[in-house]
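Step one of this worksheet: look at the structure below.
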Amino acid sequence: GPAAACSASYLFVASFLFYHDRTKLLSMLTMSAAILQIILSISFGTWWGATGVASAAAISAAYYWLATWFAACTIHPLPWTGMWRADES
């Protein structure tokens with residue numbers, strides 16, 4: 001599902017943080033995603049049951065991937081983000 005796709009995408013961009021030895025930043029992102037997962041699971045699970053918990057997992061996985069992607073973009077220029085930069089010619 002969507003949570004698995006976000007988790008796989010996270011593994012791809014997290015390698016840039018490992019390469020640049022930014023493991024402290026990666027652990028902070030991991031903890032924030034875990035806290036978000038707990039809060040959303042309790043809230044959504046109370047309201048919508050198992051569907052709410054699954055939705056919370058998808059939302060927190062998407063957050064985890066996007067936060068890691070933005071962190072990786074600030075540390076190392078990712079090859080596929082070049083299309084958004086203006087040509088400096």
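In the structure tokens, chains take letters A, B, ... by order of appearance, with residues numbered from 1 within each chain and ligands from 1 in the order shown.
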Tyr63 in chain A surroundings by only C-alpha atoms, 9 Å radius, close-in-sequence under 5 positions cut, as a tab-separated table (two decimals) with all heavy atoms, in the first residue's frame:
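Below is the file result-v8.tsv, written as the result:
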```
chain	number	residue	atom	x	y	z
A	6	CYS	N	6.04	4.59	0.54
A	6	CYS	CA	6.77	5.68	1.20
A	6	CYS	C	7.98	5.16	1.95
A	6	CYS	O	9.04	5.79	1.95
A	6	CYS	CB	5.85	6.44	2.15
A	6	CYS	SG	4.60	7.43	1.31
A	33	ALA	N	8.85	10.98	13.48
A	33	ALA	CA	7.87	10.16	12.76
A	33	ALA	C	7.21	9.16	13.69
A	33	ALA	O	6.00	8.89	13.57
A	33	ALA	CB	8.54	9.44	11.59
A	36	LEU	N	4.69	11.07	15.81
A	36	LEU	CA	3.52	11.37	14.97
A	36	LEU	C	2.67	10.12	14.78
A	36	LEU	O	1.44	10.18	14.88
A	36	LEU	CB	3.97	11.92	13.61
A	36	LEU	CG	2.86	12.23	12.62
A	36	LEU	CD1	2.00	13.40	13.12
A	36	LEU	CD2	3.44	12.54	11.25
A	58	ALA	N	-0.07	5.41	7.05
A	58	ALA	CA	0.22	5.98	5.73
A	58	ALA	C	0.66	7.45	5.86
A	58	ALA	O	1.61	7.87	5.20
A	58	ALA	CB	-1.01	5.88	4.83
A	68	THR	N	12.71	13.27	5.30
A	68	THR	CA	14.03	12.76	4.96
A	68	THR	C	14.47	13.27	3.60
A	68	THR	O	15.64	13.62	3.39
A	68	THR	CB	14.04	11.22	4.99
A	68	THR	OG1	13.54	10.79	6.25
A	68	THR	CG2	15.42	10.66	4.78
```
If we count only C-alpha atoms, what is near Met28 in chain A at a cut-off of 12 Å, once residues fewer than 5 positions away on the same chain are taken out, given as a ChimeraX atom specification? /A:22-23,33-35,64,67-68,71
Please save N, CA and C atoms of the selected residues as an mmCIF file, in the first residue's frame.
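Saved the output as selection22.cif:
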```cif
data_model
loop_
_atom_site.group_PDB
_atom_site.id
_atom_site.type_symbol
_atom_site.label_atom_id
_atom_site.label_comp_id
_atom_site.auth_asym_id
_atom_site.auth_seq_id
_atom_site.Cartn_x
_atom_site.Cartn_y
_atom_site.Cartn_z
ATOM 1 N N ARG A 22 25.178 12.050 8.673
ATOM 2 C CA ARG A 22 24.166 12.854 9.377
ATOM 3 C C ARG A 22 23.189 11.927 10.112
ATOM 4 N N THR A 23 23.725 10.985 10.830
ATOM 5 C CA THR A 23 22.886 9.998 11.511
ATOM 6 C C THR A 23 22.111 10.603 12.681
ATOM 7 N N ALA A 33 8.847 10.984 13.482
ATOM 8 C CA ALA A 33 7.871 10.162 12.756
ATOM 9 C C ALA A 33 7.207 9.156 13.691
ATOM 10 N N ALA A 34 7.967 8.606 14.631
ATOM 11 C CA ALA A 34 7.395 7.655 15.586
ATOM 12 C C ALA A 34 6.386 8.341 16.508
ATOM 13 N N ILE A 35 6.716 9.541 16.967
ATOM 14 C CA ILE A 35 5.790 10.283 17.828
ATOM 15 C C ILE A 35 4.516 10.644 17.061
ATOM 16 N N TYR A 64 7.578 10.824 7.052
ATOM 17 C CA TYR A 64 8.942 10.329 7.244
ATOM 18 C C TYR A 64 9.738 10.422 5.946
ATOM 19 N N ALA A 67 10.146 14.314 4.962
ATOM 20 C CA ALA A 67 11.092 15.002 5.835
ATOM 21 C C ALA A 67 12.522 14.557 5.533
ATOM 22 N N THR A 68 12.706 13.271 5.299
ATOM 23 C CA THR A 68 14.032 12.761 4.956
ATOM 24 C C THR A 68 14.472 13.274 3.595
ATOM 25 N N ALA A 71 15.534 16.903 3.970
ATOM 26 C CA ALA A 71 16.827 16.952 4.659
ATOM 27 C C ALA A 71 17.956 16.550 3.719
#
```
Hey, can you check how far CA of His76 in chain A sits from CA of Gln37 in chain A?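 According to the coordinates, CA of His76 in chain A and CA of Gln37 in chain A are separated by 27.5 Å.
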Using only C-alpha atoms, can you tell me which of A:Gly1, A:Thr30, A:Ser9, A:Thr74 comes closest to Ala54 in chain A? A:Gly1
With distances taken over only C-alpha atoms, which residue among A:Ile38, A:Met31, A:Ile59, A:Ala72 lies nearest Tyr19 in chain A?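 Closest to Tyr19 in chain A of all the choices is A:Ala72.
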Separation of CA of Ser55 in chain A from CA of Ala14 in chain A in Å: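 Between CA of Ala14 in chain A and CA of Ser55 in chain A the gap works out to 23.2 Å.
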Residues at most 10 Å from Val13 in chain A, counting only C-alpha atoms, excluding those fewer than 5 positions away in the same chain, as a list in words?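 The contact residues come out as Ala8, Phe18, Trp65, Leu66, Thr68, Trp69, Phe70, Ala71, Ala72, Cys73 and Leu78 of chain A.
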Contact residues around Ser43 in chain A with only C-alpha atoms at 10 Å, ignoring same-chain residues under 4 positions, as a ChimeraX atom specification: /A:37-39,47-49,52-53,56
Residues of chain A in alpha helix (DSSP H) according to DSSP, as a PyMOL selection string? chain A and resi 2-19+23-48+50-75
